[in-house]
$ cat query_12.json   # JSON, C-alpha atoms
[["chain", "number", "residue", "atom", "x", "y", "z"],
["F", 1, "MET", "CA", 103.52, 119.28, 97.59],
["F", 2, "VAL", "CA", 101.45, 119.60, 100.75],
["F", 3, "SER", "CA", 103.07, 121.02, 103.87],
["F", 4, "ASN", "CA", 102.05, 118.20, 106.21],
["F", 5, "PRO", "CA", 100.74, 114.64, 106.19],
["F", 6, "HIS", "CA", 97.31, 115.77, 107.36],
["F", 7, "ASP", "CA", 95.84, 115.81, 103.82],
["F", 8, "MET", "CA", 96.93, 112.22, 103.13],
["F", 9, "ILE", "CA", 95.67, 110.97, 106.48],
["F", 10, "GLU", "CA", 92.40, 112.87, 106.04],
["F", 11, "ALA", "CA", 91.94, 111.31, 102.58],
["F", 12, "HIS", "CA", 92.62, 107.88, 104.05],
["F", 13, "VAL", "CA", 90.10, 108.43, 106.85],
["F", 14, "GLU", "CA", 87.46, 109.84, 104.50],
["F", 15, "GLY", "CA", 87.90, 107.04, 101.96],
["F", 16, "ILE", "CA", 89.06, 109.41, 99.20],
["F", 17, "CYS", "CA", 91.35, 107.96, 96.52],
["F", 18, "LEU", "CA", 94.88, 108.11, 97.91],
["F", 19, "ILE", "CA", 96.58, 108.28, 94.52],
["F", 20, "ALA", "CA", 94.37, 111.17, 93.40],
["F", 21, "THR", "CA", 95.13, 112.97, 96.68],
["F", 22, "ALA", "CA", 98.89, 112.49, 96.19],
["F", 23, "ASN", "CA", 98.56, 113.69, 92.58],
["F", 24, "ARG", "CA", 96.69, 116.80, 93.73],
["F", 25, "ALA", "CA", 99.32, 117.46, 96.42],
["F", 26, "SER", "CA", 102.19, 117.17, 93.95],
["F", 27, "GLY", "CA", 100.43, 119.14, 91.22],
["F", 28, "ASN", "CA", 100.33, 116.23, 88.76],
["F", 29, "PRO", "CA", 98.41, 117.55, 85.73],
["F", 30, "GLY", "CA", 98.07, 114.15, 84.03],
["F", 31, "GLU", "CA", 94.85, 113.00, 82.44],
["F", 32, "ASP", "CA", 92.64, 111.39, 85.12],
["F", 33, "ALA", "CA", 95.30, 112.24, 87.75],
["F", 34, "LEU", "CA", 92.63, 113.53, 90.13],
["F", 35, "SER", "CA", 90.12, 110.76, 89.41],
["F", 36, "PRO", "CA", 89.52, 107.72, 91.65],
["F", 37, "CYS", "CA", 91.32, 104.51, 90.66],
["F", 38, "ALA", "CA", 88.30, 102.88, 88.96],
["F", 39, "GLN", "CA", 87.54, 105.94, 86.83],
["F", 40, "ALA", "CA", 91.23, 106.41, 85.93],
["F", 41, "LYS", "CA", 91.50, 102.64, 85.21],
["F", 42, "ARG", "CA", 94.52, 102.27, 87.55],
["F", 43, "ARG", "CA", 95.56, 98.78, 88.51],
["F", 44, "PRO", "CA", 95.94, 97.85, 91.28],
["F", 45, "PHE", "CA", 93.54, 100.14, 93.11],
["F", 46, "CYS", "CA", 94.82, 102.08, 96.12],
["F", 47, "SER", "CA", 93.71, 100.72, 99.49],
["F", 48, "ASN", "CA", 90.80, 103.20, 99.69],
["F", 49, "CYS", "CA", 89.46, 102.27, 96.25],
["F", 50, "GLN", "CA", 89.69, 98.50, 96.79],
["F", 51, "ALA", "CA", 86.43, 96.75, 97.58],
["F", 52, "TYR", "CA", 86.53, 94.73, 100.77],
["F", 53, "PRO", "CA", 83.95, 92.24, 101.98],
["F", 54, "SER", "CA", 81.55, 93.56, 104.57],
["F", 55, "LEU", "CA", 82.31, 92.68, 108.16],
["F", 56, "ASN", "CA", 78.63, 92.64, 109.08],
["F", 57, "VAL", "CA", 77.63, 89.35, 110.67],
["F", 58, "SER", "CA", 74.15, 88.00, 111.07],
["F", 59, "SER", "CA", 72.73, 87.71, 114.56],
["F", 60, "ALA", "CA", 72.60, 83.93, 114.12],
["F", 61, "THR", "CA", 76.38, 83.75, 113.93],
["F", 62, "SER", "CA", 77.97, 83.35, 117.30],
["F", 63, "LEU", "CA", 80.72, 85.83, 117.94],
["F", 64, "PRO", "CA", 83.87, 85.06, 119.88],
["F", 65, "PRO", "CA", 84.05, 86.47, 123.40],
["F", 66, "PRO", "CA", 85.26, 90.07, 123.57],
["F", 67, "LEU", "CA", 88.96, 90.64, 124.10],
["F", 68, "PRO", "CA", 90.01, 91.68, 127.59],
["F", 69, "SER", "CA", 90.69, 95.37, 127.91],
["F", 70, "ILE", "CA", 94.32, 96.35, 127.70],
["F", 71, "ALA", "CA", 95.82, 98.94, 130.02],
["F", 72, "PHE", "CA", 96.82, 102.14, 128.24],
["F", 73, "ALA", "CA", 100.39, 101.92, 129.56],
["F", 74, "GLU", "CA", 101.80, 101.45, 126.05],
["F", 75, "PRO", "CA", 99.83, 103.67, 123.62],
["F", 76, "ASN", "CA", 101.23, 101.99, 120.49],
["F", 77, "THR", "CA", 99.72, 98.61, 121.41],
["F", 78, "ASP", "CA", 96.16, 99.77, 122.13],
["F", 79, "ILE", "CA", 95.20, 100.63, 118.56],
["F", 80, "THR", "CA", 91.97, 99.26, 117.15],
["F", 81, "PRO", "CA", 92.06, 99.41, 113.34],
["F", 82, "ALA", "CA", 88.93, 100.56, 111.58],
["F", 83, "ALA", "CA", 86.75, 97.93, 109.97],
["F", 84, "ALA", "CA", 87.90, 96.78, 106.53],
["F", 85, "ALA", "CA", 91.26, 98.55, 106.81],
["F", 86, "ALA", "CA", 93.97, 96.82, 104.84],
["F", 87, "PRO", "CA", 97.70, 97.45, 104.64],
["F", 88, "LEU", "CA", 98.93, 99.46, 101.67],
["F", 89, "THR", "CA", 99.64, 97.68, 98.42],
["F", 90, "LYS", "CA", 103.31, 97.55, 97.34],
["F", 91, "LYS", "CA", 102.76, 100.19, 94.66],
["F", 92, "THR", "CA", 100.86, 102.54, 97.01],
["F", 93, "ARG", "CA", 103.41, 101.94, 99.78],
["F", 94, "ALA", "CA", 106.26, 102.90, 97.42],
["F", 95, "MET", "CA", 104.37, 106.04, 96.38],
["F", 96, "PHE", "CA", 103.78, 107.06, 100.01],
["F", 97, "ALA", "CA", 107.38, 106.30, 100.95],
["F", 98, "GLN", "CA", 108.44, 108.77, 98.26],
["F", 99, "TRP", "CA", 105.81, 111.26, 99.46],
["F", 100, "LEU", "CA", 106.97, 110.95, 103.09],
["F", 101, "ASN", "CA", 110.56, 111.46, 101.98],
["F", 102, "GLY", "CA", 109.58, 114.65, 100.12],
["F", 103, "PHE", "CA", 107.56, 115.82, 103.12],
["F", 104, "ALA", "CA", 110.58, 115.25, 105.40],
["F", 105, "ILE", "CA", 112.91, 117.22, 103.10],
["F", 106, "GLN", "CA", 110.49, 120.12, 102.71],
["F", 107, "THR", "CA", 109.61, 120.26, 106.40],
["F", 108, "TRP", "CA", 113.20, 119.89, 107.64],
["F", 109, "ASN", "CA", 114.42, 122.61, 105.27],
["F", 110, "SER", "CA", 111.77, 125.01, 106.58],
["F", 111, "LYS", "CA", 112.67, 124.49, 110.27],
["F", 112, "ASP", "CA", 114.41, 127.32, 112.13],
["F", 113, "ASP", "CA", 115.93, 125.29, 114.96],
["F", 114, "ILE", "CA", 119.64, 124.61, 115.36],
["F", 115, "TYR", "CA", 119.26, 120.87, 114.65],
["F", 116, "ALA", "CA", 117.96, 121.53, 111.15],
["F", 117, "THR", "CA", 121.15, 123.37, 110.26],
["F", 118, "PHE", "CA", 123.52, 120.46, 110.85],
["F", 119, "LEU", "CA", 121.46, 117.24, 110.94],
["F", 120, "PRO", "CA", 120.13, 115.53, 107.79],
["F", 121, "TYR", "CA", 116.42, 115.72, 106.98],
["F", 122, "THR", "CA", 115.94, 112.14, 108.21],
["F", 123, "ALA", "CA", 116.25, 113.57, 111.74],
["F", 124, "LEU", "CA", 112.65, 114.75, 111.29],
["F", 125, "TRP", "CA", 111.59, 111.17, 112.06],
["F", 126, "HIS", "CA", 113.21, 111.25, 115.54],
["F", 127, "GLY", "CA", 111.29, 108.76, 117.69],
["F", 128, "ILE", "CA", 109.55, 107.08, 114.74],
["F", 129, "SER", "CA", 110.48, 105.76, 111.30],
["F", 130, "GLN", "CA", 108.99, 106.05, 107.84],
["F", 131, "GLU", "CA", 108.71, 102.25, 107.75],
["F", 132, "TYR", "CA", 106.70, 102.28, 110.97],
["F", 133, "ILE", "CA", 104.35, 104.93, 109.55],
["F", 134, "LEU", "CA", 103.91, 102.92, 106.34],
["F", 135, "ASP", "CA", 103.37, 99.66, 108.28],
["F", 136, "ASN", "CA", 100.61, 101.33, 110.32],
["F", 137, "PHE", "CA", 99.13, 103.69, 107.71],
["F", 138, "HIS", "CA", 95.96, 101.61, 107.39],
["F", 139, "ASN", "CA", 95.34, 102.16, 111.12],
["F", 140, "LEU", "CA", 95.51, 105.98, 110.90],
["F", 141, "ARG", "CA", 91.76, 106.60, 110.92],
["F", 142, "THR", "CA", 91.29, 109.19, 113.68],
["F", 143, "ARG", "CA", 93.33, 111.85, 115.44],
["F", 144, "GLU", "CA", 93.45, 109.50, 118.43],
["F", 145, "SER", "CA", 95.00, 106.72, 116.33],
["F", 146, "VAL", "CA", 97.54, 109.19, 114.90],
["F", 147, "ASP", "CA", 98.40, 110.31, 118.44],
["F", 148, "ALA", "CA", 98.77, 106.70, 119.60],
["F", 149, "ILE", "CA", 100.76, 105.40, 116.63],
["F", 150, "CYS", "CA", 103.00, 108.47, 116.44],
["F", 151, "ALA", "CA", 103.25, 109.01, 120.21],
["F", 152, "ASP", "CA", 107.06, 108.78, 120.21],
["F", 153, "TRP", "CA", 107.53, 111.15, 117.25],
["F", 154, "LYS", "CA", 109.31, 114.28, 118.45],
["F", 155, "TYR", "CA", 107.54, 116.58, 115.98],
["F", 156, "LEU", "CA", 103.98, 115.18, 116.25],
["F", 157, "GLU", "CA", 102.43, 118.28, 117.80],
["F", 158, "SER", "CA", 104.26, 120.84, 115.67],
["F", 159, "GLU", "CA", 103.61, 119.08, 112.35],
["F", 160, "MET", "CA", 100.03, 117.95, 112.96],
["F", 161, "SER", "CA", 98.91, 121.39, 114.18],
["F", 162, "HIS", "CA", 99.29, 122.99, 110.72]]
$ encode --input "query_12.json" --output "structure tokens"
Amino acid sequence: MVSNPHDMIEAHVEGICLIATANRASGNPGEDALSPCAQAKRRPFCSNCQAYPSLNVSSATSLPPPLPSIAFAEPNTDITPAAAAAPLTKKTRAMFAQWLNGFAIQTWNSKDDIYATFLPYTALWHGISQEYILDNFHNLRTRESVDAICADWKYLESEMSH
């Protein structure tokens, strides 16, 4: 198991198969465990292995007027998702929910602060929730988007600096 979510986010940003990355992190030795979805013949594909239509538009197509700029007063609302990003499939979401739960247990158990001795591991998500992370996972494309989406997470700096 990896020690922080950086590897999963990096795989998502780089377009690397998310299931293969999770398998590598958990040490899954299965046949084709480290192969992309198409090569491993997994159905449905993870969100990085799914083919999405191109968002390129011809110059003849008129585009809608640009959106007005939004003040950066609320960082969680000023997130521009990357092109062709799609929410996680149900199967991939369930896999990442389990992965996030394992990450929380491992991380919380390794903490030396007083809170970790008497609070449950779910306290790791203080200021954010696993559901919120899963709902916005497809928007986690850059460090800036991670900082904006996870701005209220108490442990953002300590866990993302590993």
$ atom_distance --input "query_12.json" --atom1 "CA of Lys91 (chain F)" --atom2 "CA of Ile149 (chain F)"
22.7 Å
$ atom_distance --input "query_12.json" --atom1 "CA of Ala97 (chain F)" --atom2 "CA of Asn28 (chain F)"
17.2 Å
$ residues_near_point --input "query_12.json" --point "(101.4, 98.4, 103.1)" --cutoff "9 Å" --atoms "all atoms listed in the file" --output "PyMOL selection string"
chain F and resi 47+86-94+134-138
$ residues_around --input "query_12.json" --residues "Leu100 (chain F)" --least-positions-apart "4" --cutoff "12 Å" --atoms "only C-alpha atoms" --output "MDAnalysis selection string"
chainID F and resid 1:6 8:9 22 93:96 104:108 121:122 124:125 129:134 137
$ closest_residue --input "query_12.json" --among "F:Asn101, F:Ser35, F:Ser110, F:Asn23" --to "Glu159 (chain F)" --atoms "only C-alpha atoms"
F:Ser110
$ atom_distance --input "query_12.json" --atom1 "CA of His12 (chain F)" --atom2 "CA of Lys154 (chain F)"
23.0 Å
$ residues_around --input "query_12.json" --residues "Ala40 (chain F)" --least-positions-apart "6" --cutoff "12 Å" --atoms "all atoms listed in the file" --output "MDAnalysis selection string"
chainID F and resid 17 19:20 30:34 46 49
$ write_last_selection --input "query_12.json" --atoms "C-alpha atoms" --output "PDB file, keeping the file's coordinate frame"
ATOM      1  CA  CYS F  17      91.350 107.960  96.520  1.00  0.00           C
ATOM      2  CA  ILE F  19      96.580 108.280  94.520  1.00  0.00           C
ATOM      3  CA  ALA F  20      94.370 111.170  93.400  1.00  0.00           C
ATOM      4  CA  GLY F  30      98.070 114.150  84.030  1.00  0.00           C
ATOM      5  CA  GLU F  31      94.850 113.000  82.440  1.00  0.00           C
ATOM      6  CA  ASP F  32      92.640 111.390  85.120  1.00  0.00           C
ATOM      7  CA  ALA F  33      95.300 112.240  87.750  1.00  0.00           C
ATOM      8  CA  LEU F  34      92.630 113.530  90.130  1.00  0.00           C
ATOM      9  CA  CYS F  46      94.820 102.080  96.120  1.00  0.00           C
ATOM     10  CA  CYS F  49      89.460 102.270  96.250  1.00  0.00           C
TER      11      CYS F  49
END
$ residues_around --input "query_12.json" --residues "His126 (chain F)" --least-positions-apart "5" --cutoff "10 Å" --atoms "only C-alpha atoms" --output "MDAnalysis selection string"
chainID F and resid 152:155
